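J.: First the structure, which I've put down as structure tokens, then a few questions once you've had a look.
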Amino acid sequence: MIIDTFRLDGKVAIVTGSGQGLGQGMALALAEAGADIVGVDYSDSNETKELVEKMGKKFLKVQANLMKIDKLESIVAEAVAEFGRVDILVNNAGTIRREDAINFSEKDWDDVMDINVKTVFFFSQAVARQFMKQETGGKIINIASMLSFQGGIRVPSYTASKSGVMGITRLMANEWAKDKINVNAIAPGYMATANTEALRADPVRNAAIVERIPANRWGLPSDLAGPIVFLASSASDYINGYTVAVDGGWLAR
């Protein structure tokens, strides 16, 4: 039955930035679909662990600073040691710096580019090597942004990084599809998370944003549940190198 192609029973998913917000929402969706979760975050993911385990799935908590790439291979090794395999990688962890382009610093440029693009690429590489070793194929889902498509203001390194995410998603898909590795991305729109709390609290900015969204509301982490399960499952086996906007119609406006 078609519904069975969306099941993730027996699969193991690594989710970065799993402690809260969109990362937590996607980890829970994958667990609900049947996957065991390796949650990677710089802070603890205790709440996510508890929620996943309430569903009857296993959760391996890995605390790591993804601003550097020196721990990526060891994270994959830890996941394999615990579960015997890896099937899915969700590259969700990221950061942002806000400043006028004319005043933007090299540190703010490097910090954002390192975690948003460099880590995404090298974590994907490490997991793809594991997929190839297993000879099972696998799914890599990168988290892009509306600024993969648009320029934005006061976020030069974030815009560059998220444009880069869409580009390397295509590149990796081109090279690894022959190995039954699907690489795709999700571009969330304006989401109600801790990162957007200040925007939502500003009545003028909030009204302007909601007015431009055809769905007439902010997105929720739960709005990514369907897309992440789809791209992580065998239902998407012939989708390669695509970035799916989950934005309430923002880009269509």
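Convention: chains lettered A, B, ... in structure tokens order; per-chain residue numbering from 1; ligands numbered from 1 as shown.
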So that each row is one residue of region 33-90 of chain A with an atom at most 7 Å from region 108-129 of chain A, can you give its shortest atom pair and the distance in Å to one decimal, using only C-alpha atoms, rows by chain and rising number, as CSV?
T.:
```
residue,atom,partner,partner_atom,distance
A:Leu66,CA,A:Ile115,CA,6.2
A:Met67,CA,A:Ile115,CA,4.9
A:Ile69,CA,A:Thr119,CA,5.9
A:Leu72,CA,A:Phe123,CA,5.9
A:Glu73,CA,A:Ala126,CA,5.9
A:Val76,CA,A:Val127,CA,6.6
```
J.: Could you go through region 36-239 of chain A and tell me which residues DSSP, when run on the backbone, assigns to strand (DSSP E or B), listing them as JSON, numbers by chain?
T.: {"A": [36, 37, 38, 39, 40, 41, 59, 60, 61, 62, 63, 88, 89, 90, 91, 138, 139, 140, 141, 142, 143, 181, 182, 183, 184, 185, 186, 187, 188, 191, 219]}
J.: Could you pull out the helix (DSSP H, G or I) residues of region 95-201 of chain A, going by DSSP on the backbone, and write them as a PyMOL selection string?
T.: chain A and resi 101-103+106-134+146-148+156-179+194-201
J.: If I take CA of Ile228 (chain A) and CA of Ala27 (chain A), how far is one from the other in Å, to one decimal?
T.: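 Rounded to one decimal, the two atoms are 9.1 Å apart.
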J.: Under the rule that only C-alpha atoms are counted, which of A:Met55, A:Leu28, A:Ala187, A:Ala235 is the nearest residue to Asp4 (chain A)?
T.: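 Going through A:Met55, A:Leu28, A:Ala187, A:Ala235 one by one, the smallest distance to Asp4 (chain A) is for A:Ala235.
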J.: Would you mind listing what lies within 7 Å of Gly34 (chain A) as a ChimeraX atom specification, with only C-alpha atoms counted and same-chain residues fewer than 2 positions away left out?
T.: /A:7-10,30-32,36
J.: From the options A:Gln130, A:Ile75, A:Arg154, A:Asn142, which residue's atoms come nearest to Arg98 (chain A), counting only C-alpha atoms?
T.: A:Arg154
J.: Determine, counting only C-alpha atoms, which protein, DNA and RNA residues have an atom within 10 Å of an atom of Leu60 (chain A); residues of the same chain fewer than 6 positions away are not included. Present the result as a list in words.
T.: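 Contacts, with the query itself left out: Ile14, Asp36, Ile37, Val38, Gly39, Val40, Ser45, Lys49, Glu78, Ala79, Glu82 and Phe83 of chain A.
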J.: Dump N, CA and C atoms for the selected residues as a compact mmCIF listing (two decimals), in the first residue's frame?
T.:
```txt
# COMPACT_ATOMS: atom_id res chain seq x y z
N ILE A 14 19.79 10.83 11.97
CA ILE A 14 20.57 11.84 12.69
C ILE A 14 19.92 13.19 12.41
N ASP A 36 14.35 5.52 14.83
CA ASP A 36 15.11 5.87 16.01
C ASP A 36 15.94 7.11 15.69
N ILE A 37 16.21 7.92 16.73
CA ILE A 37 16.79 9.25 16.50
C ILE A 37 18.14 9.41 17.18
N VAL A 38 19.08 9.98 16.45
CA VAL A 38 20.34 10.47 17.02
C VAL A 38 20.23 11.99 17.02
N GLY A 39 20.06 12.57 18.20
CA GLY A 39 19.87 14.01 18.32
C GLY A 39 21.19 14.70 18.63
N VAL A 40 21.60 15.61 17.75
CA VAL A 40 22.87 16.32 17.90
C VAL A 40 22.59 17.78 18.17
N SER A 45 19.40 17.86 24.72
CA SER A 45 18.14 17.56 24.01
C SER A 45 17.26 16.68 24.88
N LYS A 49 14.46 13.96 23.78
CA LYS A 49 14.70 12.55 24.14
C LYS A 49 13.49 11.96 24.84
N GLU A 78 29.53 6.94 16.38
CA GLU A 78 28.76 6.71 17.60
C GLU A 78 27.36 6.21 17.27
N ALA A 79 26.77 6.80 16.23
CA ALA A 79 25.43 6.36 15.81
C ALA A 79 25.46 4.91 15.34
N GLU A 82 25.82 2.49 18.22
CA GLU A 82 24.59 2.35 19.00
C GLU A 82 23.50 1.58 18.25
N PHE A 83 23.34 1.89 16.96
CA PHE A 83 22.19 1.35 16.22
C PHE A 83 22.57 0.40 15.08
```
